[in-house]
>>> print(open('start36.cif').read())   # mmCIF, C-alpha atoms and all ligand atoms
data_start
loop_
_atom_site.label_atom_id
_atom_site.label_comp_id
_atom_site.auth_asym_id
_atom_site.auth_seq_id
_atom_site.Cartn_x
_atom_site.Cartn_y
_atom_site.Cartn_z
CA ALA A 1 10.16 14.22 1.08
CA GLU A 2 9.63 11.98 4.10
CA VAL A 3 5.84 12.43 4.00
CA GLU A 4 3.71 11.82 0.90
CA PRO A 5 0.58 14.00 0.63
CA PHE A 6 -2.58 12.06 1.53
CA TYR A 7 -5.37 14.15 -0.02
CA GLY A 8 -5.52 14.82 -3.76
CA GLU A 9 -7.14 14.05 -7.08
CA HIS A 10 -5.66 10.54 -7.17
CA GLN A 11 -4.79 8.14 -4.38
CA ALA A 12 -1.11 8.16 -3.46
CA GLY A 13 0.84 4.97 -4.08
CA ILE A 14 0.19 4.78 -7.82
CA ILE A 15 2.31 7.33 -9.66
CA THR A 16 4.10 8.18 -6.40
CA ARG A 17 7.87 7.63 -6.71
CA GLN A 18 7.98 3.94 -5.86
CA GLN A 19 9.00 3.12 -2.31
CA ASN A 20 11.23 0.20 -1.47
CA SER A 21 8.84 -2.05 0.45
CA LEU A 22 5.34 -3.33 0.08
CA VAL A 23 2.75 -5.02 2.23
CA PHE A 24 -0.40 -5.82 0.27
CA ALA A 25 -3.52 -7.23 1.92
CA ALA A 26 -6.69 -8.69 0.41
CA PHE A 27 -9.76 -8.91 2.65
CA ASP A 28 -13.08 -10.73 2.42
CA LEU A 29 -16.31 -9.29 3.78
CA LYS A 30 -17.67 -11.18 6.76
CA ASP A 31 -21.12 -12.74 6.34
CA SER A 32 -22.41 -10.18 8.85
CA ALA A 33 -21.12 -7.15 6.88
CA THR A 34 -23.74 -4.55 5.93
CA VAL A 35 -23.53 -1.35 3.90
CA PRO A 36 -23.45 0.82 7.07
CA SER A 37 -20.75 -1.32 8.73
CA VAL A 38 -18.64 -1.20 5.55
CA GLN A 39 -19.11 2.57 5.33
CA THR A 40 -17.96 2.97 8.93
CA MET A 41 -14.91 0.83 8.33
CA LEU A 42 -13.89 2.72 5.19
CA ALA A 43 -14.32 6.04 6.98
CA ARG A 44 -12.20 4.82 9.89
CA TRP A 45 -9.59 3.52 7.42
CA ALA A 46 -9.47 6.95 5.76
CA ALA A 47 -9.00 8.70 9.10
CA ALA A 48 -6.32 6.18 10.12
CA ALA A 49 -4.51 6.39 6.77
CA SER A 50 -4.43 10.20 6.96
CA LEU A 51 -2.58 9.90 10.29
CA LEU A 52 -0.35 6.93 9.43
CA THR A 53 0.91 8.55 6.24
CA GLN A 54 2.06 11.51 8.33
CA GLY A 55 3.96 9.16 10.64
CA LYS A 56 1.41 9.46 13.44
CA PRO A 57 -0.19 6.61 15.41
CA VAL A 58 -3.85 5.81 14.68
CA GLY A 59 -4.85 6.78 18.21
CA PRO A 60 -3.67 7.42 21.76
CA VAL A 61 -1.87 4.78 23.79
CA GLU A 62 -2.49 5.64 27.42
CA SER A 63 -5.99 7.09 27.25
CA ARG A 64 -7.95 4.33 29.03
CA PRO A 65 -6.06 1.99 31.37
CA MET A 66 -8.41 -0.98 30.96
CA THR A 67 -8.48 -1.06 27.12
CA PRO A 68 -5.84 -2.12 24.60
CA PRO A 69 -3.92 0.84 23.15
CA ALA A 70 -5.55 2.27 20.00
CA ASP A 71 -2.29 1.95 18.05
CA THR A 72 -0.32 -1.30 18.13
CA GLY A 73 2.93 0.62 18.64
CA GLU A 74 5.59 -0.99 16.44
CA ALA A 75 5.98 2.12 14.28
CA PHE A 76 6.38 4.63 17.14
CA ASP A 77 9.47 6.77 16.51
CA LEU A 78 9.94 5.49 12.95
CA GLY A 79 8.32 8.37 11.04
CA ALA A 80 6.27 8.06 7.84
CA HIS A 81 9.09 6.88 5.55
CA ARG A 82 6.93 8.01 2.61
CA LEU A 83 4.13 5.60 3.56
CA THR A 84 1.23 5.48 1.12
CA VAL A 85 -2.03 3.61 1.72
CA THR A 86 -4.05 2.74 -1.39
CA VAL A 87 -7.49 1.13 -1.08
CA GLY A 88 -9.53 -0.71 -3.71
CA PHE A 89 -12.40 -3.11 -4.35
CA GLY A 90 -12.48 -6.50 -6.06
CA PRO A 91 -15.25 -7.70 -8.43
CA THR A 92 -16.88 -9.75 -5.65
CA PHE A 93 -17.48 -6.61 -3.55
CA PHE A 94 -20.26 -5.85 -6.02
CA ASP A 95 -22.10 -9.18 -5.87
CA ASP A 96 -25.52 -9.53 -4.22
CA ARG A 97 -24.32 -9.56 -0.60
CA LEU A 98 -24.28 -5.78 -0.18
CA GLY A 99 -26.73 -5.16 -3.03
CA LEU A 100 -24.22 -2.96 -4.90
CA GLN A 101 -24.44 -4.78 -8.26
CA ASP A 102 -25.37 -1.60 -10.13
CA LYS A 103 -22.22 0.15 -8.84
CA ARG A 104 -19.85 -2.37 -10.39
CA PRO A 105 -17.86 -0.81 -13.23
CA ALA A 106 -17.98 -2.74 -16.50
CA ALA A 107 -14.16 -2.63 -16.51
CA LEU A 108 -14.14 -4.64 -13.25
CA GLN A 109 -15.14 -7.82 -15.10
CA PRO A 110 -12.85 -10.50 -13.55
CA LEU A 111 -9.71 -11.29 -15.55
CA GLY A 112 -10.65 -14.97 -15.83
CA GLN A 113 -8.14 -17.58 -16.90
CA LEU A 114 -5.53 -16.22 -19.30
CA ALA A 115 -3.41 -18.23 -21.72
CA THR A 116 -0.51 -18.75 -19.31
CA ASP A 117 -2.65 -19.34 -16.20
CA THR A 118 -2.27 -23.02 -15.40
CA THR A 119 -1.14 -22.70 -11.79
CA ILE A 120 -3.27 -19.94 -10.26
CA ASP A 121 -4.09 -20.61 -6.59
CA PRO A 122 -7.55 -19.19 -5.79
CA THR A 123 -6.75 -18.96 -2.06
CA ILE A 124 -4.14 -16.25 -2.78
CA SER A 125 -6.18 -14.54 -5.50
CA GLY A 126 -9.13 -12.17 -5.44
CA GLY A 127 -10.90 -10.72 -2.43
CA ASP A 128 -13.52 -8.05 -1.75
CA VAL A 129 -11.29 -5.18 -0.58
CA CYS A 130 -7.56 -4.54 -0.90
CA VAL A 131 -5.04 -2.29 0.78
CA GLN A 132 -1.62 -1.58 -0.68
CA ALA A 133 0.86 -0.11 1.80
CA CYS A 134 4.21 1.09 0.42
CA SER A 135 6.99 2.68 2.44
CA GLU A 136 10.75 3.02 2.52
CA ASP A 137 10.60 1.09 5.82
CA PRO A 138 9.04 -2.40 5.82
CA GLN A 139 7.92 -2.11 9.44
CA VAL A 140 6.00 1.09 8.68
CA ALA A 141 4.17 -0.64 5.82
CA PHE A 142 3.39 -3.67 7.97
CA HIS A 143 2.16 -1.47 10.81
CA ALA A 144 -0.29 0.27 8.47
CA ILE A 145 -1.80 -3.03 7.26
CA ARG A 146 -1.93 -4.48 10.76
CA ASN A 147 -3.75 -1.47 12.15
CA LEU A 148 -6.24 -1.28 9.27
CA ALA A 149 -6.95 -5.01 9.66
CA ARG A 150 -7.50 -4.43 13.36
CA ILE A 151 -9.85 -1.50 12.76
CA GLY A 152 -11.81 -3.59 10.24
CA ARG A 153 -11.92 -6.85 12.17
CA ASN A 154 -15.68 -6.85 12.74
CA VAL A 155 -16.38 -6.27 9.06
CA VAL A 156 -13.62 -8.03 7.07
CA THR A 157 -11.20 -10.93 7.47
CA LEU A 158 -7.76 -11.19 5.91
CA ARG A 159 -7.84 -13.41 2.82
CA TRP A 160 -4.18 -13.23 1.76
CA LEU A 161 -1.21 -11.00 2.35
CA GLN A 162 1.88 -10.33 0.27
CA GLU A 163 5.13 -8.69 1.27
CA GLY A 164 7.59 -7.23 -1.22
CA PHE A 165 11.16 -6.66 -0.04
CA GLY A 166 12.45 -4.47 -2.85
CA ARG A 167 10.96 -2.45 -5.64
CA ALA A 168 11.18 -3.99 -9.12
CA SER A 169 10.13 -0.93 -11.06
CA ALA A 170 10.65 2.82 -11.30
CA THR A 171 7.77 5.29 -11.49
CA SER A 172 9.87 8.45 -11.65
CA THR A 173 12.78 9.59 -13.80
CA SER A 174 14.43 10.71 -10.53
CA GLN A 175 14.91 7.07 -9.48
CA VAL A 176 17.54 4.64 -10.67
CA THR A 177 16.05 1.57 -12.30
CA PRO A 178 16.13 -1.31 -9.79
CA ARG A 179 16.58 -4.98 -10.65
CA ASN A 180 14.27 -7.97 -10.49
CA LEU A 181 15.40 -11.39 -9.22
CA PHE A 182 16.62 -12.41 -12.70
CA GLY A 183 19.17 -9.65 -12.21
CA PHE A 184 17.83 -7.41 -15.01
CA LYS A 185 16.91 -3.76 -14.70
CA ASP A 186 13.13 -3.54 -14.44
CA GLY A 187 11.12 -0.38 -14.99
CA THR A 188 13.24 1.24 -17.70
CA ALA A 189 10.38 1.65 -20.18
CA ASN A 190 7.63 2.48 -17.69
CA ILE A 191 5.12 5.31 -17.36
CA LYS A 192 6.83 7.92 -15.17
CA ALA A 193 5.41 10.59 -12.87
CA GLU A 194 7.10 13.28 -14.99
CA GLU A 195 4.80 12.40 -17.93
CA PRO A 196 1.31 13.44 -16.69
CA ALA A 197 -0.13 13.41 -20.21
CA VAL A 198 0.86 9.77 -20.68
CA ALA A 199 -0.61 8.90 -17.26
CA GLY A 200 -3.78 10.78 -18.25
CA GLU A 201 -4.08 8.67 -21.36
CA TRP A 202 -3.23 5.27 -19.86
CA VAL A 203 -3.53 5.28 -16.04
CA TRP A 204 -6.40 7.45 -14.78
CA VAL A 205 -10.04 6.58 -15.37
CA GLY A 206 -11.82 9.39 -17.22
CA ASP A 207 -15.17 10.14 -18.82
CA GLU A 208 -15.19 6.79 -20.64
CA THR A 209 -16.27 4.99 -17.43
CA ASP A 210 -19.85 3.82 -16.84
CA GLN A 211 -19.38 4.60 -13.10
CA ASP A 212 -18.83 8.22 -12.12
CA TRP A 213 -17.37 7.17 -8.76
CA MET A 214 -14.32 5.70 -10.55
CA LYS A 215 -13.27 8.95 -12.29
CA GLY A 216 -9.74 9.81 -11.24
CA GLY A 217 -9.21 6.23 -10.09
CA SER A 218 -7.41 3.36 -11.79
CA TYR A 219 -7.55 -0.42 -12.20
CA LEU A 220 -4.88 -2.49 -10.52
CA VAL A 221 -3.81 -5.95 -11.67
CA THR A 222 -1.83 -7.96 -9.10
CA ARG A 223 -0.10 -11.14 -10.22
CA LYS A 224 2.23 -13.18 -8.06
CA ILE A 225 4.74 -14.68 -10.47
CA ARG A 226 7.03 -17.38 -9.15
CA MET A 227 10.43 -17.23 -10.84
CA HIS A 228 12.34 -20.50 -11.32
CA ILE A 229 15.56 -19.03 -10.08
CA GLU A 230 17.74 -22.17 -10.04
CA ALA A 231 16.90 -22.92 -13.69
CA TRP A 232 17.51 -19.28 -14.63
CA ASP A 233 20.86 -19.29 -12.85
CA SER A 234 22.05 -22.18 -15.02
CA ASP A 235 21.09 -20.45 -18.28
CA ASP A 236 23.91 -18.79 -20.22
CA ILE A 237 24.16 -15.02 -20.36
CA THR A 238 23.56 -14.86 -24.12
CA ASP A 239 20.25 -16.66 -23.72
CA GLN A 240 19.27 -14.56 -20.67
CA GLU A 241 19.82 -11.38 -22.69
CA ARG A 242 18.02 -12.82 -25.73
CA ILE A 243 14.99 -13.60 -23.54
CA PHE A 244 14.65 -9.99 -22.40
CA GLY A 245 16.11 -8.25 -25.47
CA ARG A 246 18.37 -6.17 -23.25
CA VAL A 247 21.93 -6.25 -21.91
CA LYS A 248 22.02 -7.53 -18.34
CA GLU A 249 24.47 -5.09 -16.76
CA SER A 250 23.56 -1.84 -18.50
CA GLY A 251 19.90 -2.51 -19.31
CA ALA A 252 20.51 -1.22 -22.86
CA PRO A 253 18.46 -2.69 -25.72
CA LEU A 254 20.27 -5.34 -27.79
CA SER A 255 19.62 -3.05 -30.78
CA GLY A 256 22.14 -0.55 -29.36
CA GLY A 257 22.42 2.68 -27.40
CA ASP A 258 22.20 3.27 -23.65
CA GLU A 259 19.59 2.04 -21.13
CA PHE A 260 16.95 4.51 -22.29
CA ALA A 261 17.59 4.22 -26.04
CA THR A 262 14.56 3.50 -28.22
CA LEU A 263 14.15 -0.18 -29.07
CA ASP A 264 14.85 -0.83 -32.74
CA PHE A 265 13.06 -4.01 -33.81
CA THR A 266 14.47 -3.78 -37.35
CA ALA A 267 18.13 -3.81 -36.25
CA LYS A 268 20.10 -6.94 -37.20
CA THR A 269 23.07 -8.72 -35.65
CA ASP A 270 24.75 -11.32 -37.93
CA GLY A 271 21.68 -11.21 -40.16
CA GLN A 272 19.30 -12.05 -37.28
CA PRO A 273 16.97 -9.59 -35.47
CA ALA A 274 19.02 -7.98 -32.67
CA ILE A 275 15.90 -8.09 -30.48
CA HIS A 276 14.44 -11.59 -30.77
CA PRO A 277 10.81 -11.80 -31.94
CA PHE A 278 9.89 -13.79 -28.80
CA SER A 279 11.80 -11.55 -26.41
CA HIS A 280 9.90 -10.09 -23.45
CA VAL A 281 10.44 -6.44 -24.38
CA ARG A 282 9.37 -6.91 -27.97
CA LEU A 283 6.14 -8.73 -27.11
CA ALA A 284 5.33 -6.31 -24.26
CA HIS A 285 6.17 -3.15 -26.21
CA PRO A 286 3.33 -0.72 -27.09
CA ASP A 287 4.12 -1.02 -30.84
CA ASN A 288 3.04 -4.66 -30.67
CA ASN A 289 -0.01 -4.02 -28.47
CA GLY A 290 -1.96 -1.38 -30.34
CA GLY A 291 -0.13 1.32 -28.37
CA ALA A 292 -1.28 0.02 -24.97
CA GLN A 293 0.84 1.04 -21.99
CA ILE A 294 0.62 0.19 -18.27
CA LEU A 295 2.17 1.66 -15.12
CA ARG A 296 4.22 -1.16 -13.60
CA ARG A 297 4.82 -1.03 -9.83
CA GLY A 298 5.91 -4.55 -8.88
CA TYR A 299 8.03 -5.87 -6.00
CA ASN A 300 10.50 -8.69 -5.52
CA TYR A 301 9.25 -11.22 -2.98
CA THR A 302 10.39 -14.35 -1.23
CA ASP A 303 8.36 -16.92 0.67
CA GLY A 304 11.47 -18.78 1.80
CA ILE A 305 11.91 -22.17 0.14
CA ASP A 306 9.64 -24.67 -1.53
CA THR A 307 10.12 -27.57 0.90
CA ARG A 308 9.09 -30.18 -1.69
CA THR A 309 12.03 -29.29 -3.93
CA GLY A 310 14.39 -27.28 -1.73
CA THR A 311 14.30 -24.44 -4.27
CA LEU A 312 13.74 -20.75 -3.60
CA ALA A 313 10.06 -19.78 -3.51
CA ALA A 314 10.67 -16.29 -4.83
CA GLY A 315 9.69 -14.07 -7.69
CA LEU A 316 7.89 -10.93 -8.70
CA PHE A 317 4.69 -9.58 -7.18
CA PHE A 318 3.66 -7.86 -10.39
CA MET A 319 1.40 -4.85 -10.01
CA ALA A 320 0.18 -2.70 -12.87
CA TYR A 321 -2.15 0.30 -12.87
CA GLN A 322 -4.20 1.32 -15.89
CA LYS A 323 -7.39 2.86 -17.18
CA ASN A 324 -8.82 -0.46 -18.37
CA ALA A 325 -7.11 -3.78 -17.59
CA HIS A 326 -9.00 -5.69 -20.27
CA GLU A 327 -7.72 -3.38 -22.98
CA GLN A 328 -4.23 -2.91 -21.53
CA PHE A 329 -2.90 -5.64 -19.20
CA VAL A 330 -4.88 -8.50 -20.78
CA ARG A 331 -3.87 -7.48 -24.26
CA ILE A 332 -0.18 -7.39 -23.33
CA GLN A 333 -0.41 -10.59 -21.24
CA ASN A 334 -2.01 -12.47 -24.14
CA ASN A 335 0.83 -11.31 -26.39
CA LEU A 336 3.25 -12.62 -23.77
CA ALA A 337 1.85 -16.14 -24.28
CA GLN A 338 4.80 -16.53 -26.73
CA ASP A 339 7.32 -14.96 -24.35
CA ALA A 340 10.65 -16.83 -24.17
CA MET A 341 10.67 -15.90 -20.47
CA ASN A 342 7.67 -18.19 -19.76
CA GLU A 343 9.95 -21.22 -19.41
CA TYR A 344 11.28 -19.59 -16.23
CA VAL A 345 8.13 -18.18 -14.60
CA SER A 346 4.73 -19.40 -13.34
CA PRO A 347 1.94 -17.04 -12.30
CA ILE A 348 0.45 -18.32 -9.03
CA SER A 349 -2.05 -15.60 -8.15
CA SER A 350 -4.10 -13.19 -10.23
CA SER A 351 -6.47 -10.40 -9.16
CA LEU A 352 -8.14 -7.26 -10.46
CA TRP A 353 -9.04 -4.26 -8.29
CA ALA A 354 -10.93 -1.02 -8.79
CA ILE A 355 -8.90 1.71 -7.09
CA GLY A 356 -11.12 4.75 -6.51
CA PRO A 357 -9.99 8.36 -6.89
CA GLY A 358 -8.14 10.30 -4.22
CA LEU A 359 -9.81 11.63 -1.08
CA SER A 360 -10.49 15.35 -1.20
CA LYS A 361 -10.29 16.45 2.45
CA ILE A 362 -10.87 15.47 6.07
CA GLY A 363 -14.27 13.75 6.23
CA ASP A 364 -13.94 12.15 2.81
CA TRP A 365 -13.48 8.36 2.76
CA TYR A 366 -12.79 5.48 0.40
CA GLY A 367 -15.78 4.81 -1.84
CA LYS A 368 -17.85 7.66 -0.36
CA THR A 369 -19.41 8.53 -3.71
CA MET A 370 -20.09 4.85 -4.44
CA LEU A 371 -21.59 3.50 -1.20
C1 LIG B 1 9.71 -4.73 -19.57
C2 LIG B 1 10.93 -8.26 -16.50
C3 LIG B 1 6.31 -9.70 -16.27
C4 LIG B 1 5.05 -5.98 -19.08
C5 LIG B 1 10.44 -5.58 -18.79
C6 LIG B 1 11.88 -5.58 -18.66
C7 LIG B 1 12.21 -6.55 -17.80
C8 LIG B 1 10.99 -7.20 -17.38
C9 LIG B 1 13.61 -6.94 -17.35
C10 LIG B 1 12.85 -4.62 -19.41
C11 LIG B 1 13.11 -3.36 -18.66
C12 LIG B 1 11.97 -2.39 -18.67
O1 LIG B 1 11.70 -1.75 -19.70
O2 LIG B 1 11.35 -2.24 -17.62
C13 LIG B 1 9.78 -8.96 -16.17
C14 LIG B 1 9.74 -10.13 -15.32
C15 LIG B 1 8.45 -10.53 -15.25
C16 LIG B 1 7.66 -9.62 -16.07
C17 LIG B 1 10.94 -10.75 -14.64
C18 LIG B 1 7.82 -11.69 -14.52
C19 LIG B 1 8.40 -12.34 -13.55
C20 LIG B 1 5.57 -8.83 -17.01
C21 LIG B 1 4.14 -8.89 -17.19
C22 LIG B 1 3.79 -7.85 -17.99
C23 LIG B 1 5.01 -7.12 -18.31
C24 LIG B 1 3.22 -9.94 -16.57
C25 LIG B 1 2.43 -7.44 -18.49
C26 LIG B 1 1.51 -8.28 -18.89
C27 LIG B 1 6.20 -5.32 -19.43
C28 LIG B 1 6.21 -4.13 -20.25
C29 LIG B 1 7.56 -3.77 -20.41
C30 LIG B 1 8.33 -4.76 -19.67
C31 LIG B 1 4.99 -3.40 -20.81
C32 LIG B 1 8.11 -2.60 -21.22
C33 LIG B 1 8.25 -3.00 -22.66
C34 LIG B 1 8.77 -1.86 -23.50
O3 LIG B 1 7.97 -0.98 -23.81
O4 LIG B 1 9.95 -1.84 -23.83
N1 LIG B 1 9.93 -6.60 -17.99
N2 LIG B 1 8.52 -8.69 -16.61
N3 LIG B 1 6.06 -7.75 -17.71
N4 LIG B 1 7.49 -5.67 -19.09
FE1 LIG B 1 8.00 -7.20 -17.91
#
>>> encode(input="start36.cif", output="structure tokens")
Amino acid sequence: AEVEPFYGEHQAGIITRQQNSLVFAAFDLKDSATVPSVQTMLARWAAAASLLTQGKPVGPVESRPMTPPADTGEAFDLGAHRLTVTVGFGPTFFDDRLGLQDKRPAALQPLGQLATDTTIDPTISGGDVCVQACSEDPQVAFHAIRNLARIGRNVVTLRWLQEGFGRASATSTSQVTPRNLFGFKDGTANIKAEEPAVAGEWVWVGDETDQDWMKGGSYLVTRKIRMHIEAWDSDDITDQERIFGRVKESGAPLSGGDEFATLDFTAKTDGQPAIHPFSHVRLAHPDNNGGAQILRRGYNYTDGIDTRTGTLAAGLFFMAYQKNAHEQFVRIQNNLAQDAMNEYVSPISSSLWAIGPGLSKIGDWYGKTML
């Protein structure tokens, strides 16, 4: 469908069949922000998002001749293109500025520095509030972020913004698996919308939470991972496939079968494990992480070139949704400290967000049961 439903148990943009473009914005609260001003902004964002996701402008254009038009206009005539708007809160939202310390979920403890985190840039990490806009049309996603930023400009300032030009995961069995910038299929072994029981177990916050307002929500990890493309492009195909544990063209496991065949870590080729012990898929697999699974929803990005070296400044804006990032993402990421892929990637930003449940109906707004 062209229009994704806005109201529901969960926010759209998580298990929703992944759209092809992303604009993700992190905001900081202004010093002058108060609980009432934040409430007003979140209510206006909810009203705006309910219109934008139906392909409508956030307000009239010609109503008052001496004021700027309510909608900025660049998405007129484009339609919704399956736009989803997903709003969340960072750990710092719950510090002493708004006095909401007792509303902070225990699971929103900051990720801190992980084993592979030597190059994290704090200026493109963290933030108080986030908005993820996904659409099949990049201009529609940009328009949504621009208009929410405009609506919120007396309460929040933009901290960082990330565009993604192509999906690097699949969240539905109805989609073909896309490819990341290393040229490998990405999203083969992912949680899919057609498996609601798996999503119930691993994605949606349930009764285990210490904060009722998070029930039906999820925790989002965002990691900008620079990929050293020129080095990768000079690595031989055998090594590339050994690093992932899969065949480049077909996406099939090196242990045999088609793309969706079960990985067999006991299979041998010439007496050696067919799937290398330090391969990405082996270290990331649930069997080696106490069963932990995550919903991956990342995007390929480019920032142009790194002018110091003349190399491509491109990679993966990794996003993963889960019930508890400390028990799921962090566990897997720590296992990936041995990943053969690490030689070719550097994480440069890292953030954790609490994504509340879906909005129930007109009049409901983001964080209404929390604020
Ligand atoms: C699987 C690429 C980072 C978790 C895969 C696959 C590829 C891939 C090609 C195999 C296809 C698939 O099953 O989707 C990448 C690249 C990364 C990256 C290029 C960084 C630039 C991460 C990170 C995590 C992660 C940071 C989590 C900490 C997983 C998981 C799987 C997977 C859980 C599925 C493993 C399985 O059950 O078989 N990734 N990945 N990946 N990746 Fe990554």
>>> closest_residue(input="start36.cif", among="A:Pro91, A:Pro277, A:Gly112, A:Gly315", to="ligand LIG 1 (chain B)", atoms="all atoms listed in the file")
A:Gly315
>>> closest_atom_pairs(input="start36.cif", of="chain A", to="ligand LIG 1 (chain B)", cutoff="7 Å", atoms="all atoms listed in the file", output="CSV")
residue,atom,partner,partner_atom,distance
A:Ser169,CA,B:LIG1,O2,6.8
A:Asn180,CA,B:LIG1,C17,6.0
A:Phe182,CA,B:LIG1,C17,6.2
A:Phe184,CA,B:LIG1,C9,4.8
A:Lys185,CA,B:LIG1,C9,5.3
A:Asp186,CA,B:LIG1,O2,3.9
A:Gly187,CA,B:LIG1,O2,3.2
A:Thr188,CA,B:LIG1,O1,3.9
A:Ala189,CA,B:LIG1,O1,3.7
A:Asn190,CA,B:LIG1,O2,6.0
A:Ile225,CA,B:LIG1,C19,5.3
A:Arg226,CA,B:LIG1,C19,6.8
A:Met227,CA,B:LIG1,C19,5.9
A:Phe244,CA,B:LIG1,C9,6.0
A:Arg246,CA,B:LIG1,C10,6.9
A:Gly251,CA,B:LIG1,C11,6.9
A:Leu263,CA,B:LIG1,O4,6.9
A:His280,CA,B:LIG1,N1,6.5
A:Val281,CA,B:LIG1,C33,4.4
A:Arg282,CA,B:LIG1,O4,6.6
A:Ala284,CA,B:LIG1,C31,4.5
A:His285,CA,B:LIG1,O3,3.7
A:Pro286,CA,B:LIG1,O3,5.7
A:Gln293,CA,B:LIG1,C31,6.2
A:Ile294,CA,B:LIG1,C31,6.2
A:Gly315,CA,B:LIG1,C19,6.2
A:Leu316,CA,B:LIG1,C19,5.1
A:Phe318,CA,B:LIG1,C24,6.5
A:Phe329,CA,B:LIG1,C26,5.1
A:Val330,CA,B:LIG1,C26,6.7
A:Ile332,CA,B:LIG1,C26,4.8
A:Gln333,CA,B:LIG1,C26,3.8
A:Leu336,CA,B:LIG1,C26,6.8
A:Val345,CA,B:LIG1,C19,5.9
>>> residues_around(input="start36.cif", residues="Arg97 (chain A)", least_positions_apart="6", cutoff="12 Å", atoms="all atoms listed in the file", output="list in words")
Asp28, Leu29, Lys30, Asp31, Ser32, Ala33, Thr34, Val35, Val38 and Asp128 of chain A
>>> closest_atom_pairs(input="start36.cif", of="region 44-93 of chain A", to="region 356-367 of chain A", cutoff="10 Å", atoms="only C-alpha atoms", output="JSON lines")
{"residue": "A:Arg44", "atom": "CA", "partner": "A:Trp365", "partner_atom": "CA", "distance": 8.1}
{"residue": "A:Trp45", "atom": "CA", "partner": "A:Trp365", "partner_atom": "CA", "distance": 7.8}
{"residue": "A:Ala46", "atom": "CA", "partner": "A:Trp365", "partner_atom": "CA", "distance": 5.2}
{"residue": "A:Ala47", "atom": "CA", "partner": "A:Ile362", "partner_atom": "CA", "distance": 7.6}
{"residue": "A:Ser50", "atom": "CA", "partner": "A:Ile362", "partner_atom": "CA", "distance": 8.4}
{"residue": "A:Thr86", "atom": "CA", "partner": "A:Gly356", "partner_atom": "CA", "distance": 9.0}
{"residue": "A:Val87", "atom": "CA", "partner": "A:Tyr366", "partner_atom": "CA", "distance": 7.0}
{"residue": "A:Gly88", "atom": "CA", "partner": "A:Gly356", "partner_atom": "CA", "distance": 6.3}
{"residue": "A:Phe89", "atom": "CA", "partner": "A:Gly356", "partner_atom": "CA", "distance": 8.3}
>>> closest_residue(input="start36.cif", among="A:Ile229, A:Cys130, A:Val205, A:Ala292", to="Gly310 (chain A)", atoms="all atoms listed in the file")
A:Ile229
>>> axis_aligned_box(input="start36.cif", around="region 315-331 of chain A", padding_each_side="6 Å", output="JSON")
{"center_x": 0.3, "center_y": -5.6, "center_z": -15.7, "size_x": 30.7, "size_y": 28.9, "size_z": 29.1}
>>> closest_residue(input="start36.cif", among="A:Asp287, A:Ala199, A:Asp303, A:Arg242", to="Pro273 (chain A)", atoms="all atoms listed in the file")
A:Arg242
>>> residues_around(input="start36.cif", residues="Ile145 (chain A)", least_positions_apart="2", cutoff="12 Å", atoms="all atoms listed in the file", output="JSON list (two decimals) with C-alpha atoms, in the frame of the given file")
[["chain", "number", "residue", "atom", "x", "y", "z"],
["A", 22, "LEU", "CA", 5.34, -3.33, 0.08],
["A", 23, "VAL", "CA", 2.75, -5.02, 2.23],
["A", 24, "PHE", "CA", -0.40, -5.82, 0.27],
["A", 25, "ALA", "CA", -3.52, -7.23, 1.92],
["A", 26, "ALA", "CA", -6.69, -8.69, 0.41],
["A", 27, "PHE", "CA", -9.76, -8.91, 2.65],
["A", 45, "TRP", "CA", -9.59, 3.52, 7.42],
["A", 48, "ALA", "CA", -6.32, 6.18, 10.12],
["A", 49, "ALA", "CA", -4.51, 6.39, 6.77],
["A", 52, "LEU", "CA", -0.35, 6.93, 9.43],
["A", 53, "THR", "CA", 0.91, 8.55, 6.24],
["A", 58, "VAL", "CA", -3.85, 5.81, 14.68],
["A", 71, "ASP", "CA", -2.29, 1.95, 18.05],
["A", 72, "THR", "CA", -0.32, -1.30, 18.13],
["A", 74, "GLU", "CA", 5.59, -0.99, 16.44],
["A", 75, "ALA", "CA", 5.98, 2.12, 14.28],
["A", 83, "LEU", "CA", 4.13, 5.60, 3.56],
["A", 84, "THR", "CA", 1.23, 5.48, 1.12],
["A", 85, "VAL", "CA", -2.03, 3.61, 1.72],
["A", 86, "THR", "CA", -4.05, 2.74, -1.39],
["A", 87, "VAL", "CA", -7.49, 1.13, -1.08],
["A", 130, "CYS", "CA", -7.56, -4.54, -0.90],
["A", 131, "VAL", "CA", -5.04, -2.29, 0.78],
["A", 132, "GLN", "CA", -1.62, -1.58, -0.68],
["A", 133, "ALA", "CA", 0.86, -0.11, 1.80],
["A", 134, "CYS", "CA", 4.21, 1.09, 0.42],
["A", 135, "SER", "CA", 6.99, 2.68, 2.44],
["A", 138, "PRO", "CA", 9.04, -2.40, 5.82],
["A", 139, "GLN", "CA", 7.92, -2.11, 9.44],
["A", 140, "VAL", "CA", 6.00, 1.09, 8.68],
["A", 141, "ALA", "CA", 4.17, -0.64, 5.82],
["A", 142, "PHE", "CA", 3.39, -3.67, 7.97],
["A", 143, "HIS", "CA", 2.16, -1.47, 10.81],
["A", 147, "ASN", "CA", -3.75, -1.47, 12.15],
["A", 148, "LEU", "CA", -6.24, -1.28, 9.27],
["A", 149, "ALA", "CA", -6.95, -5.01, 9.66],
["A", 150, "ARG", "CA", -7.50, -4.43, 13.36],
["A", 151, "ILE", "CA", -9.85, -1.50, 12.76],
["A", 152, "GLY", "CA", -11.81, -3.59, 10.24],
["A", 153, "ARG", "CA", -11.92, -6.85, 12.17],
["A", 158, "LEU", "CA", -7.76, -11.19, 5.91],
["A", 160, "TRP", "CA", -4.18, -13.23, 1.76],
["A", 161, "LEU", "CA", -1.21, -11.00, 2.35],
["A", 162, "GLN", "CA", 1.88, -10.33, 0.27],
["A", 163, "GLU", "CA", 5.13, -8.69, 1.27]]
